[in-house]
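A.B. asks: Below is the file structure.cif, which contains mmCIF, C-alpha atoms and all ligand atoms; chains and numbers go by the auth columns.
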```
data_target
#
loop_
_atom_site.group_PDB
_atom_site.id
_atom_site.type_symbol
_atom_site.label_atom_id
_atom_site.label_comp_id
_atom_site.label_asym_id
_atom_site.label_seq_id
_atom_site.Cartn_x
_atom_site.Cartn_y
_atom_site.Cartn_z
_atom_site.B_iso_or_equiv
_atom_site.auth_seq_id
_atom_site.auth_asym_id
ATOM 1 C CA MET A 1 6.572 15.762 6.442 0.00 1 A
ATOM 2 C CA TYR A 2 6.147 12.703 4.230 0.00 2 A
ATOM 3 C CA ILE A 3 4.095 9.575 4.859 0.00 3 A
ATOM 4 C CA ASP A 4 5.181 6.158 3.567 0.00 4 A
ATOM 5 C CA THR A 5 1.787 4.504 3.030 0.00 5 A
ATOM 6 C CA HIS A 6 3.197 1.037 2.363 0.00 6 A
ATOM 7 C CA SER A 7 6.159 -0.527 4.149 0.00 7 A
ATOM 8 C CA HIS A 8 7.024 -4.006 5.376 0.00 8 A
ATOM 9 C CA LEU A 9 9.393 -2.959 8.140 0.00 9 A
ATOM 10 C CA PHE A 10 8.898 -6.242 9.983 0.00 10 A
ATOM 11 C CA ASP A 11 10.752 -8.006 7.152 0.00 11 A
ATOM 12 C CA SER A 12 13.899 -9.875 8.175 0.00 12 A
ATOM 13 C CA ALA A 13 15.874 -7.527 5.890 0.00 13 A
ATOM 14 C CA PHE A 14 15.609 -5.045 8.799 0.00 14 A
ATOM 15 C CA ASP A 15 16.452 -7.451 11.626 0.00 15 A
ATOM 16 C CA LEU A 16 19.938 -6.033 12.213 0.00 16 A
ATOM 17 C CA ASP A 17 19.132 -2.315 12.200 0.00 17 A
ATOM 18 C CA ARG A 18 15.349 -1.797 12.366 0.00 18 A
ATOM 19 C CA ASP A 19 15.464 0.824 15.128 0.00 19 A
ATOM 20 C CA LEU A 20 18.149 2.794 13.291 0.00 20 A
ATOM 21 C CA VAL A 21 16.208 2.669 10.017 0.00 21 A
ATOM 22 C CA ILE A 22 13.097 4.014 11.734 0.00 22 A
ATOM 23 C CA LYS A 23 15.105 6.783 13.403 0.00 23 A
ATOM 24 C CA GLU A 24 16.650 7.688 10.026 0.00 24 A
ATOM 25 C CA CYS A 25 13.160 7.944 8.466 0.00 25 A
ATOM 26 C CA PHE A 26 12.179 10.553 11.037 0.00 26 A
ATOM 27 C CA ASN A 27 15.503 12.374 10.397 0.00 27 A
ATOM 28 C CA GLN A 28 14.735 12.402 6.666 0.00 28 A
ATOM 29 C CA ASN A 29 11.304 13.966 7.209 0.00 29 A
ATOM 30 C CA VAL A 30 9.410 10.722 6.603 0.00 30 A
ATOM 31 C CA GLY A 31 7.447 11.130 9.796 0.00 31 A
ATOM 32 C CA LYS A 32 4.701 8.519 9.535 0.00 32 A
ATOM 33 C CA LEU A 33 5.005 4.938 8.364 0.00 33 A
ATOM 34 C CA ILE A 34 2.216 2.529 7.560 0.00 34 A
ATOM 35 C CA VAL A 35 3.269 -1.052 8.199 0.00 35 A
ATOM 36 C CA VAL A 36 1.349 -3.466 6.006 0.00 36 A
ATOM 37 C CA GLY A 37 0.663 -7.067 7.038 0.00 37 A
ATOM 38 C CA PHE A 38 -0.379 -9.669 4.486 0.00 38 A
ATOM 39 C CA ASP A 39 -0.937 -12.982 6.304 0.00 39 A
ATOM 40 C CA LYS A 40 -1.378 -14.275 9.865 0.00 40 A
ATOM 41 C CA GLU A 41 2.316 -14.108 10.706 0.00 41 A
ATOM 42 C CA THR A 42 3.004 -10.647 9.256 0.00 42 A
ATOM 43 C CA ASN A 43 -0.246 -9.180 10.636 0.00 43 A
ATOM 44 C CA LYS A 44 1.076 -10.122 14.072 0.00 44 A
ATOM 45 C CA LEU A 45 4.528 -8.719 13.320 0.00 45 A
ATOM 46 C CA ALA A 46 3.048 -5.448 12.027 0.00 46 A
ATOM 47 C CA LEU A 47 0.983 -5.038 15.204 0.00 47 A
ATOM 48 C CA GLU A 48 3.941 -5.810 17.467 0.00 48 A
ATOM 49 C CA LEU A 49 6.253 -3.378 15.695 0.00 49 A
ATOM 50 C CA CYS A 50 3.710 -0.552 15.610 0.00 50 A
ATOM 51 C CA SER A 51 2.992 -0.938 19.326 0.00 51 A
ATOM 52 C CA LYS A 52 6.587 0.167 19.987 0.00 52 A
ATOM 53 C CA TYR A 53 6.498 3.437 18.026 0.00 53 A
ATOM 54 C CA ALA A 54 4.078 6.361 18.085 0.00 54 A
ATOM 55 C CA ASN A 55 4.301 7.090 14.346 0.00 55 A
ATOM 56 C CA LEU A 56 3.988 3.588 12.941 0.00 56 A
ATOM 57 C CA TYR A 57 0.519 2.420 11.962 0.00 57 A
ATOM 58 C CA PRO A 58 -0.466 -1.178 11.147 0.00 58 A
ATOM 59 C CA THR A 59 -2.820 -2.615 8.557 0.00 59 A
ATOM 60 C CA VAL A 60 -3.887 -6.263 8.501 0.00 60 A
ATOM 61 C CA GLY A 61 -5.217 -8.477 5.765 0.00 61 A
ATOM 62 C CA LEU A 62 -4.711 -11.491 3.566 0.00 62 A
ATOM 63 C CA HIS A 63 -2.674 -11.228 0.370 0.00 63 A
ATOM 64 C CA PRO A 64 -3.875 -13.256 -2.633 0.00 64 A
ATOM 65 C CA THR A 65 -0.630 -15.262 -2.693 0.00 65 A
ATOM 66 C CA GLU A 66 -1.061 -16.284 0.973 0.00 66 A
ATOM 67 C CA LEU A 67 -4.347 -18.177 0.680 0.00 67 A
ATOM 68 C CA SER A 68 -2.925 -21.145 2.587 0.00 68 A
ATOM 69 C CA ASP A 69 -3.779 -19.113 5.723 0.00 69 A
ATOM 70 C CA TYR A 70 -7.430 -19.032 4.689 0.00 70 A
ATOM 71 C CA SER A 71 -9.729 -21.271 6.715 0.00 71 A
ATOM 72 C CA ASP A 72 -13.339 -21.238 7.947 0.00 72 A
ATOM 73 C CA ASN A 73 -12.595 -19.037 10.919 0.00 73 A
ATOM 74 C CA PHE A 74 -10.073 -16.776 9.180 0.00 74 A
ATOM 75 C CA PHE A 75 -12.474 -13.865 8.885 0.00 75 A
ATOM 76 C CA VAL A 76 -13.521 -14.169 12.533 0.00 76 A
ATOM 77 C CA TYR A 77 -9.856 -13.712 13.422 0.00 77 A
ATOM 78 C CA LEU A 78 -9.392 -10.871 10.915 0.00 78 A
ATOM 79 C CA GLU A 79 -12.519 -8.975 11.947 0.00 79 A
ATOM 80 C CA ASP A 80 -11.454 -9.214 15.592 0.00 80 A
ATOM 81 C CA LEU A 81 -8.205 -7.500 14.671 0.00 81 A
ATOM 82 C CA ILE A 82 -9.843 -4.862 12.486 0.00 82 A
ATOM 83 C CA LYS A 83 -12.189 -3.751 15.293 0.00 83 A
ATOM 84 C CA ASP A 84 -9.101 -2.462 17.102 0.00 84 A
ATOM 85 C CA GLU A 85 -8.752 1.318 16.715 0.00 85 A
ATOM 86 C CA LYS A 86 -4.986 0.952 16.184 0.00 86 A
ATOM 87 C CA ILE A 87 -5.525 -0.790 12.836 0.00 87 A
ATOM 88 C CA VAL A 88 -5.690 1.936 10.197 0.00 88 A
ATOM 89 C CA GLY A 89 -6.499 -0.104 7.084 0.00 89 A
ATOM 90 C CA ILE A 90 -7.227 -3.495 5.528 0.00 90 A
ATOM 91 C CA GLY A 91 -4.765 -5.328 3.340 0.00 91 A
ATOM 92 C CA GLU A 92 -2.718 -6.144 1.488 0.00 92 A
ATOM 93 C CA CYS A 93 -5.575 -7.775 -0.279 0.00 93 A
ATOM 94 C CA GLY A 94 -6.503 -8.082 -3.929 0.00 94 A
ATOM 95 C CA LEU A 95 -5.770 -10.338 -6.876 0.00 95 A
ATOM 96 C CA ASP A 96 -2.530 -11.845 -8.138 0.00 96 A
ATOM 97 C CA TYR A 97 -2.568 -14.072 -11.230 0.00 97 A
ATOM 98 C CA TYR A 98 1.184 -13.793 -11.742 0.00 98 A
ATOM 99 C CA TRP A 99 2.183 -16.282 -9.054 0.00 99 A
ATOM 100 C CA ASP A 100 -0.898 -18.503 -9.222 0.00 100 A
ATOM 101 C CA ASP A 101 -3.883 -18.218 -11.541 0.00 101 A
ATOM 102 C CA SER A 102 -5.441 -21.543 -10.583 0.00 102 A
ATOM 103 C CA LYS A 103 -7.651 -20.183 -7.796 0.00 103 A
ATOM 104 C CA LYS A 104 -9.155 -17.045 -9.302 0.00 104 A
ATOM 105 C CA ASP A 105 -12.588 -17.568 -7.732 0.00 105 A
ATOM 106 C CA LEU A 106 -11.147 -18.080 -4.274 0.00 106 A
ATOM 107 C CA GLN A 107 -8.951 -15.001 -4.647 0.00 107 A
ATOM 108 C CA LYS A 108 -12.007 -12.948 -5.608 0.00 108 A
ATOM 109 C CA GLU A 109 -14.020 -14.303 -2.680 0.00 109 A
ATOM 110 C CA VAL A 110 -11.282 -13.448 -0.158 0.00 110 A
ATOM 111 C CA PHE A 111 -10.840 -9.996 -1.720 0.00 111 A
ATOM 112 C CA LYS A 112 -14.595 -9.295 -1.584 0.00 112 A
ATOM 113 C CA LYS A 113 -14.772 -10.249 2.075 0.00 113 A
ATOM 114 C CA GLN A 114 -12.031 -7.746 2.850 0.00 114 A
ATOM 115 C CA ILE A 115 -13.893 -5.076 0.860 0.00 115 A
ATOM 116 C CA GLU A 116 -16.956 -5.795 3.029 0.00 116 A
ATOM 117 C CA LEU A 117 -14.879 -5.330 6.180 0.00 117 A
ATOM 118 C CA SER A 118 -13.512 -2.079 4.792 0.00 118 A
ATOM 119 C CA LEU A 119 -17.064 -0.774 4.304 0.00 119 A
ATOM 120 C CA LYS A 120 -18.262 -2.060 7.687 0.00 120 A
ATOM 121 C CA TYR A 121 -15.439 -0.462 9.685 0.00 121 A
ATOM 122 C CA ASP A 122 -14.795 2.492 7.367 0.00 122 A
ATOM 123 C CA LYS A 123 -11.103 1.665 7.016 0.00 123 A
ATOM 124 C CA PRO A 124 -9.340 1.944 3.643 0.00 124 A
ATOM 125 C CA LEU A 125 -8.166 -0.997 1.569 0.00 125 A
ATOM 126 C CA ILE A 126 -4.549 -1.572 0.579 0.00 126 A
ATOM 127 C CA ILE A 127 -5.081 -3.209 -2.806 0.00 127 A
ATOM 128 C CA HIS A 128 -2.530 -5.419 -4.534 0.00 128 A
ATOM 129 C CA SER A 129 -3.126 -6.243 -8.188 0.00 129 A
ATOM 130 C CA ARG A 130 -0.707 -8.150 -10.363 0.00 130 A
ATOM 131 C CA ASP A 131 -1.560 -9.453 -13.836 0.00 131 A
ATOM 132 C CA ALA A 132 -5.193 -9.084 -12.780 0.00 132 A
ATOM 133 C CA ILE A 133 -6.079 -5.435 -13.295 0.00 133 A
ATOM 134 C CA ALA A 134 -9.314 -5.953 -15.220 0.00 134 A
ATOM 135 C CA ASP A 135 -10.654 -8.433 -12.668 0.00 135 A
ATOM 136 C CA THR A 136 -9.585 -6.156 -9.809 0.00 136 A
ATOM 137 C CA LEU A 137 -11.621 -3.334 -11.307 0.00 137 A
ATOM 138 C CA GLU A 138 -14.563 -5.657 -11.918 0.00 138 A
ATOM 139 C CA VAL A 139 -14.612 -6.898 -8.302 0.00 139 A
ATOM 140 C CA LEU A 140 -14.393 -3.335 -6.953 0.00 140 A
ATOM 141 C CA LYS A 141 -17.178 -2.173 -9.279 0.00 141 A
ATOM 142 C CA SER A 142 -19.392 -5.143 -8.381 0.00 142 A
ATOM 143 C CA VAL A 143 -19.657 -3.868 -4.796 0.00 143 A
ATOM 144 C CA ASN A 144 -21.520 -0.846 -6.160 0.00 144 A
ATOM 145 C CA LYS A 145 -20.649 1.393 -3.218 0.00 145 A
ATOM 146 C CA PRO A 146 -18.052 4.133 -2.783 0.00 146 A
ATOM 147 C CA ILE A 147 -14.805 2.433 -1.817 0.00 147 A
ATOM 148 C CA LYS A 148 -11.903 3.895 0.117 0.00 148 A
ATOM 149 C CA GLY A 149 -8.441 2.636 -0.531 0.00 149 A
ATOM 150 C CA VAL A 150 -5.208 2.758 -2.416 0.00 150 A
ATOM 151 C CA MET A 151 -4.152 0.896 -5.553 0.00 151 A
ATOM 152 C CA HIS A 152 -0.793 -0.047 -4.128 0.00 152 A
ATOM 153 C CA GLY A 153 2.269 0.141 -6.374 0.00 153 A
ATOM 154 C CA TYR A 154 0.194 1.333 -9.301 0.00 154 A
ATOM 155 C CA SER A 155 1.893 0.699 -12.635 0.00 155 A
ATOM 156 C CA GLY A 156 -1.050 0.104 -14.963 0.00 156 A
ATOM 157 C CA SER A 157 -2.250 2.216 -17.873 0.00 157 A
ATOM 158 C CA LEU A 158 -3.562 5.768 -17.696 0.00 158 A
ATOM 159 C CA GLU A 159 -6.935 4.549 -18.926 0.00 159 A
ATOM 160 C CA MET A 160 -7.282 2.056 -16.052 0.00 160 A
ATOM 161 C CA ALA A 161 -5.923 4.606 -13.566 0.00 161 A
ATOM 162 C CA LYS A 162 -8.825 6.875 -14.462 0.00 162 A
ATOM 163 C CA GLU A 163 -11.261 4.037 -13.745 0.00 163 A
ATOM 164 C CA PHE A 164 -9.841 3.445 -10.255 0.00 164 A
ATOM 165 C CA VAL A 165 -9.843 7.168 -9.529 0.00 165 A
ATOM 166 C CA LYS A 166 -13.493 7.297 -10.596 0.00 166 A
ATOM 167 C CA LEU A 167 -14.282 4.721 -7.902 0.00 167 A
ATOM 168 C CA GLY A 168 -12.717 7.035 -5.332 0.00 168 A
ATOM 169 C CA LEU A 169 -9.397 5.225 -4.923 0.00 169 A
ATOM 170 C CA LYS A 170 -5.953 6.769 -4.535 0.00 170 A
ATOM 171 C CA LEU A 171 -2.966 5.529 -6.531 0.00 171 A
ATOM 172 C CA GLY A 172 0.081 4.448 -4.502 0.00 172 A
ATOM 173 C CA ILE A 173 3.258 5.555 -6.277 0.00 173 A
ATOM 174 C CA GLY A 174 6.583 3.963 -5.368 0.00 174 A
ATOM 175 C CA GLY A 175 10.182 3.522 -6.464 0.00 175 A
ATOM 176 C CA VAL A 176 9.197 2.189 -9.896 0.00 176 A
ATOM 177 C CA LEU A 177 8.427 5.809 -10.852 0.00 177 A
ATOM 178 C CA THR A 178 12.189 6.476 -10.850 0.00 178 A
ATOM 179 C CA PHE A 179 12.967 3.600 -13.244 0.00 179 A
ATOM 180 C CA LYS A 180 13.835 4.733 -16.759 0.00 180 A
ATOM 181 C CA ASN A 181 11.552 2.239 -18.493 0.00 181 A
ATOM 182 C CA ALA A 182 8.491 2.882 -16.277 0.00 182 A
ATOM 183 C CA LYS A 183 6.505 4.562 -19.061 0.00 183 A
ATOM 184 C CA ASN A 184 3.010 3.783 -17.737 0.00 184 A
ATOM 185 C CA VAL A 185 3.414 5.162 -14.263 0.00 185 A
ATOM 186 C CA LYS A 186 5.305 8.241 -15.501 0.00 186 A
ATOM 187 C CA GLU A 187 2.405 8.995 -17.846 0.00 187 A
ATOM 188 C CA VAL A 188 -0.146 8.453 -15.055 0.00 188 A
ATOM 189 C CA VAL A 189 1.751 10.854 -12.780 0.00 189 A
ATOM 190 C CA LYS A 190 2.063 13.423 -15.549 0.00 190 A
ATOM 191 C CA GLU A 191 -1.585 13.364 -16.613 0.00 191 A
ATOM 192 C CA LEU A 192 -3.523 12.980 -13.362 0.00 192 A
ATOM 193 C CA ASP A 193 -3.941 15.563 -10.631 0.00 193 A
ATOM 194 C CA LEU A 194 -1.692 15.390 -7.572 0.00 194 A
ATOM 195 C CA SER A 195 -4.789 14.890 -5.412 0.00 195 A
ATOM 196 C CA ASN A 196 -4.941 11.284 -6.655 0.00 196 A
ATOM 197 C CA PHE A 197 -1.572 10.095 -5.341 0.00 197 A
ATOM 198 C CA VAL A 198 -0.032 8.824 -2.146 0.00 198 A
ATOM 199 C CA LEU A 199 3.632 7.877 -1.795 0.00 199 A
ATOM 200 C CA GLU A 200 4.889 4.450 -0.756 0.00 200 A
ATOM 201 C CA THR A 201 8.056 2.357 -0.770 0.00 201 A
ATOM 202 C CA ASP A 202 6.864 -1.280 -0.452 0.00 202 A
ATOM 203 C CA CYS A 203 10.213 -1.713 1.324 0.00 203 A
ATOM 204 C CA PRO A 204 12.351 -3.804 1.427 0.00 204 A
ATOM 205 C CA TYR A 205 11.443 -4.224 -2.278 0.00 205 A
ATOM 206 C CA LEU A 206 11.452 -1.911 -5.337 0.00 206 A
ATOM 207 C CA THR A 207 14.203 0.497 -4.276 0.00 207 A
ATOM 208 C CA PRO A 208 14.239 3.775 -6.214 0.00 208 A
ATOM 209 C CA THR A 209 17.107 4.906 -8.443 0.00 209 A
ATOM 210 C CA PRO A 210 20.040 5.372 -7.688 0.00 210 A
ATOM 211 C CA TYR A 211 19.854 2.630 -5.026 0.00 211 A
ATOM 212 C CA ARG A 212 18.055 0.098 -7.219 0.00 212 A
ATOM 213 C CA GLY A 213 19.056 -3.452 -6.258 0.00 213 A
ATOM 214 C CA LYS A 214 19.839 -2.499 -2.655 0.00 214 A
ATOM 215 C CA ARG A 215 17.462 -2.793 0.279 0.00 215 A
ATOM 216 C CA ASN A 216 14.614 -0.302 0.129 0.00 216 A
ATOM 217 C CA ALA A 217 13.610 1.765 3.180 0.00 217 A
ATOM 218 C CA PRO A 218 11.044 4.507 3.885 0.00 218 A
ATOM 219 C CA TYR A 219 13.750 7.184 4.077 0.00 219 A
ATOM 220 C CA TYR A 220 13.974 6.975 0.265 0.00 220 A
ATOM 221 C CA ILE A 221 10.461 8.453 -0.084 0.00 221 A
ATOM 222 C CA PRO A 222 11.883 11.924 -0.951 0.00 222 A
ATOM 223 C CA LEU A 223 13.535 10.378 -4.066 0.00 223 A
ATOM 224 C CA ILE A 224 10.104 9.326 -5.313 0.00 224 A
ATOM 225 C CA ALA A 225 8.676 12.760 -4.459 0.00 225 A
ATOM 226 C CA LYS A 226 11.516 14.439 -6.380 0.00 226 A
ATOM 227 C CA GLU A 227 10.772 12.372 -9.476 0.00 227 A
ATOM 228 C CA MET A 228 7.076 13.181 -9.178 0.00 228 A
ATOM 229 C CA ALA A 229 7.847 16.915 -8.852 0.00 229 A
ATOM 230 C CA ASP A 230 10.159 16.792 -11.909 0.00 230 A
ATOM 231 C CA ILE A 231 7.598 14.959 -14.054 0.00 231 A
ATOM 232 C CA LYS A 232 4.829 17.390 -13.126 0.00 232 A
ATOM 233 C CA GLY A 233 7.084 20.457 -13.258 0.00 233 A
ATOM 234 C CA ILE A 234 6.158 21.545 -9.749 0.00 234 A
ATOM 235 C CA ASP A 235 8.020 22.170 -6.498 0.00 235 A
ATOM 236 C CA ILE A 236 8.851 19.115 -4.367 0.00 236 A
ATOM 237 C CA LYS A 237 7.292 20.899 -1.381 0.00 237 A
ATOM 238 C CA GLU A 238 3.938 20.769 -3.136 0.00 238 A
ATOM 239 C CA VAL A 239 4.321 17.014 -3.659 0.00 239 A
ATOM 240 C CA GLU A 240 5.207 16.572 0.009 0.00 240 A
ATOM 241 C CA GLU A 241 2.284 18.604 1.317 0.00 241 A
ATOM 242 C CA THR A 242 -0.369 17.293 -1.055 0.00 242 A
ATOM 243 C CA THR A 243 0.527 13.590 -0.855 0.00 243 A
ATOM 244 C CA THR A 244 0.610 13.847 2.955 0.00 244 A
ATOM 245 C CA LYS A 245 -2.783 15.556 2.953 0.00 245 A
ATOM 246 C CA ASN A 246 -4.118 12.838 0.623 0.00 246 A
ATOM 247 C CA ALA A 247 -2.837 10.093 2.939 0.00 247 A
ATOM 248 C CA ASN A 248 -4.258 11.754 6.040 0.00 248 A
ATOM 249 C CA GLU A 249 -7.656 12.067 4.368 0.00 249 A
ATOM 250 C CA LEU A 250 -7.579 8.512 3.069 0.00 250 A
ATOM 251 C CA PHE A 251 -6.858 7.083 6.505 0.00 251 A
ATOM 252 C CA GLY A 252 -9.678 9.146 7.979 0.00 252 A
ATOM 253 C CA GLY A 253 -7.705 10.994 10.623 0.00 253 A
ATOM 254 C CA ARG A 254 -6.298 7.795 12.120 0.00 254 A
ATOM 255 C CA LEU A 255 -2.688 8.798 11.467 0.00 255 A
ATOM 256 C CA LEU A 256 -2.443 11.020 14.525 0.00 256 A
HETATM 257 NI NI NI B . 3.636 -4.782 -0.205 0.00 301 B
#
```
Using structure tokens, write down the structure from this file.
Ligand code: NI

C.D. replies:
Amino acid sequence: MYIDTHSHLFDSAFDLDRDLVIKECFNQNVGKLIVVGFDKETNKLALELCSKYANLYPTVGLHPTELSDYSDNFFVYLEDLIKDEKIVGIGECGLDYYWDDSKKDLQKEVFKKQIELSLKYDKPLIIHSRDAIADTLEVLKSVNKPIKGVMHGYSGSLEMAKEFVKLGLKLGIGGVLTFKNAKNVKEVVKELDLSNFVLETDCPYLTPTPYRGKRNAPYYIPLIAKEMADIKGIDIKEVEETTTKNANELFGGRLL
């Protein structure tokens, strides 16, 4: 059984057939789905959706491109949510200088506060990093404590991947792995041990080949696993079992 560690199933792209998509995931052996919120609205949607299904698990957080939701009492609200046993992780959080690099300090502050919550409640971080990989590493290192989490949609260099792994983080591998020109992530998958990876779709975005350009969904996870197995020259069953074990360990037994 596979686990999709990063989906946005509350997205309006699924409004017409969400129940069918979820049923199809279970049919395709993708038996557990983590539904990732990223601002006040989507945190609520993630919680609502996951309350309807036994094998959907919500995370809540504040994405660096959604700082307009940040106010004095934001972290009171967020911590209240995180105390709930049903919440399995914190994020998406992190740094994004691609869309807006004018508020780097604020992004770092909001990221650090979510790292603190992760440590306090022992729930893993779902970390987004775009055009900000060096600063992301620096912020994580500055905490100077073992950190649990996943570098979501990892597509950086092998050298940086090793740094994140050293901190104790997993690397989230998605549909980009199946793209012909995705040299970095193919190299990372080839060189690092399978124990470092979890699978994810980031649906409805980043659909794997051969469905690139269409809506992504968690039932495409086996396509990513197949590519991983081919690159490493191992059986797809080993990818399935090990990435699922990695995800279960990362989420500290909360995916039950
Ligand atoms: Ni995402």

A.B. asks: Using all atoms listed in the file, what does the table of chain A residues within 9 Å of ligand NI 301 (chain B) look like, with each row giving the shortest atom pair and its distance in Å to one decimal, sorted by chain and ascending number, as a tab-separated table?

C.D. replies:
```
residue	atom	partner	partner_atom	distance
A:His6	CA	B:NI301	NI	6.4
A:Ser7	CA	B:NI301	NI	6.6
A:His8	CA	B:NI301	NI	6.6
A:Val36	CA	B:NI301	NI	6.7
A:Gly37	CA	B:NI301	NI	8.2
A:Phe38	CA	B:NI301	NI	7.9
A:Glu92	CA	B:NI301	NI	6.7
A:Ile126	CA	B:NI301	NI	8.8
A:His128	CA	B:NI301	NI	7.6
A:His152	CA	B:NI301	NI	7.6
A:Gly153	CA	B:NI301	NI	8.0
A:Thr201	CA	B:NI301	NI	8.4
A:Asp202	CA	B:NI301	NI	4.8
A:Cys203	CA	B:NI301	NI	7.4
A:Pro204	CA	B:NI301	NI	8.9
A:Tyr205	CA	B:NI301	NI	8.1
```

A.B. asks: Taking into account all atoms listed in the file, which residue in the set A:Glu24, A:Leu250, A:Gly156, A:Val239 is nearest to Tyr2 of chain A?

C.D. replies: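 Checking each candidate against Tyr2 of chain A, we get A:Val239 as the closest.
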
A.B. asks: Using the chain letters and residue numbers of this document, give as a compact mmCIF listing (two decimals) with C-alpha atoms, in the coordinates of the input the residues selected by the PyMOL selection byres (((chain A and resi 216) around 12) and not hetatm).

C.D. replies:
```txt
# COMPACT_ATOMS: atom_id res chain seq x y z
CA ASP A 4 5.18 6.16 3.57
CA HIS A 6 3.20 1.04 2.36
CA SER A 7 6.16 -0.53 4.15
CA HIS A 8 7.02 -4.01 5.38
CA LEU A 9 9.39 -2.96 8.14
CA ASP A 11 10.75 -8.01 7.15
CA ALA A 13 15.87 -7.53 5.89
CA PHE A 14 15.61 -5.04 8.80
CA VAL A 21 16.21 2.67 10.02
CA CYS A 25 13.16 7.94 8.47
CA GLY A 174 6.58 3.96 -5.37
CA GLY A 175 10.18 3.52 -6.46
CA VAL A 176 9.20 2.19 -9.90
CA GLU A 200 4.89 4.45 -0.76
CA THR A 201 8.06 2.36 -0.77
CA ASP A 202 6.86 -1.28 -0.45
CA CYS A 203 10.21 -1.71 1.32
CA PRO A 204 12.35 -3.80 1.43
CA TYR A 205 11.44 -4.22 -2.28
CA LEU A 206 11.45 -1.91 -5.34
CA THR A 207 14.20 0.50 -4.28
CA PRO A 208 14.24 3.78 -6.21
CA THR A 209 17.11 4.91 -8.44
CA PRO A 210 20.04 5.37 -7.69
CA TYR A 211 19.85 2.63 -5.03
CA ARG A 212 18.06 0.10 -7.22
CA GLY A 213 19.06 -3.45 -6.26
CA LYS A 214 19.84 -2.50 -2.66
CA ARG A 215 17.46 -2.79 0.28
CA ALA A 217 13.61 1.76 3.18
CA PRO A 218 11.04 4.51 3.88
CA TYR A 219 13.75 7.18 4.08
CA TYR A 220 13.97 6.98 0.26
CA ILE A 221 10.46 8.45 -0.08
CA LEU A 223 13.54 10.38 -4.07
CA ILE A 224 10.10 9.33 -5.31
```

A.B. asks: Between A:Ala229, A:Val88, A:Met151, A:Leu78, which has the minimum distance to Pro124 of chain A (counting all atoms listed in the file)?

C.D. replies: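 Answer, going by the shortest atom-to-atom distance: A:Val88.
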
A.B. asks: Could you state the separation of atom CA of Glu79 of chain A and atom CA of Glu249 of chain A in Å, given to one decimal place?

C.D. replies: 22.9 Å

A.B. asks: So for segment 232-244 of chain A, what box centre and size do we get, axis-aligned, 6 Å extra on each of the six sides, every listed atom, Å to one decimal, as AutoDock Vina command-line options?

C.D. replies:
```
--center_x 4.2 --center_y 17.9 --center_z -5.2 --size_x 21.2 --size_y 20.6 --size_z 28.2
```

A.B. asks: Starting from the displayed file, determine the output of the PyMOL selection byres (((chain A and resi 111) around 10) and not hetatm) and express the residue list as a PyMOL selection string.

C.D. replies: chain A and resi 61-64+91-95+105-110+112-116+125+127-128+136+139-140

A.B. asks: For the selection you just gave me, I'd like the residues written to a file as a tab-separated table (two decimals), in the coordinates of the input, keeping C-alpha atoms.

C.D. replies:
```
chain	number	residue	atom	x	y	z
A	61	GLY	CA	-5.22	-8.48	5.76
A	62	LEU	CA	-4.71	-11.49	3.57
A	63	HIS	CA	-2.67	-11.23	0.37
A	64	PRO	CA	-3.88	-13.26	-2.63
A	91	GLY	CA	-4.76	-5.33	3.34
A	92	GLU	CA	-2.72	-6.14	1.49
A	93	CYS	CA	-5.58	-7.78	-0.28
A	94	GLY	CA	-6.50	-8.08	-3.93
A	95	LEU	CA	-5.77	-10.34	-6.88
A	105	ASP	CA	-12.59	-17.57	-7.73
A	106	LEU	CA	-11.15	-18.08	-4.27
A	107	GLN	CA	-8.95	-15.00	-4.65
A	108	LYS	CA	-12.01	-12.95	-5.61
A	109	GLU	CA	-14.02	-14.30	-2.68
A	110	VAL	CA	-11.28	-13.45	-0.16
A	112	LYS	CA	-14.60	-9.30	-1.58
A	113	LYS	CA	-14.77	-10.25	2.08
A	114	GLN	CA	-12.03	-7.75	2.85
A	115	ILE	CA	-13.89	-5.08	0.86
A	116	GLU	CA	-16.96	-5.80	3.03
A	125	LEU	CA	-8.17	-1.00	1.57
A	127	ILE	CA	-5.08	-3.21	-2.81
A	128	HIS	CA	-2.53	-5.42	-4.53
A	136	THR	CA	-9.59	-6.16	-9.81
A	139	VAL	CA	-14.61	-6.90	-8.30
A	140	LEU	CA	-14.39	-3.34	-6.95
```

A.B. asks: Which distance in Å separates atom CA of Glu85 of chain A and atom CA of Leu56 of chain A, to one decimal?

C.D. replies: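 Separating atom CA of Glu85 of chain A from atom CA of Leu56 of chain A is a distance of 13.5 Å.
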
A.B. asks: Please indicate the distance in Å from atom CA of Asn43 of chain A to atom CA of Lys123 of chain A, rounded to one decimal place.

C.D. replies: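 It comes out at 15.8 Å.
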
A.B. asks: Where does the PyMOL selection byres (((chain A and resi 168) around 9) and not hetatm) land in this file, that is, which residues does it pick, as a list of chain:residue names?

C.D. replies: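 Selected by the PyMOL selection byres (((chain A and resi 168) around 9) and not hetatm) in this file: A:Pro146, A:Ile147, A:Lys148, A:Gly149, A:Phe164, A:Val165, A:Lys166, A:Leu167, A:Leu169, A:Lys170, A:Asn196.
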
A.B. asks: Considering all atoms listed in the file, can you say which of A:Glu187, A:Lys40, A:Pro58, A:Asp19 comes closest to Ser71 of chain A?

C.D. replies: A:Lys40

A.B. asks: Would you mind telling me which residue in A:Tyr70, A:Asp131, A:Ser195, A:Ile234 lies nearest to Asn248 of chain A when using all atoms listed in the file?

C.D. replies: A:Ser195

A.B. asks: Would you mind telling me which residue in A:Leu177, A:Leu81, A:Val150, A:Ala46 lies nearest to Leu117 of chain A when using only C-alpha atoms?

C.D. replies: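 For Leu117 of chain A, the nearest of the candidates is A:Leu81.
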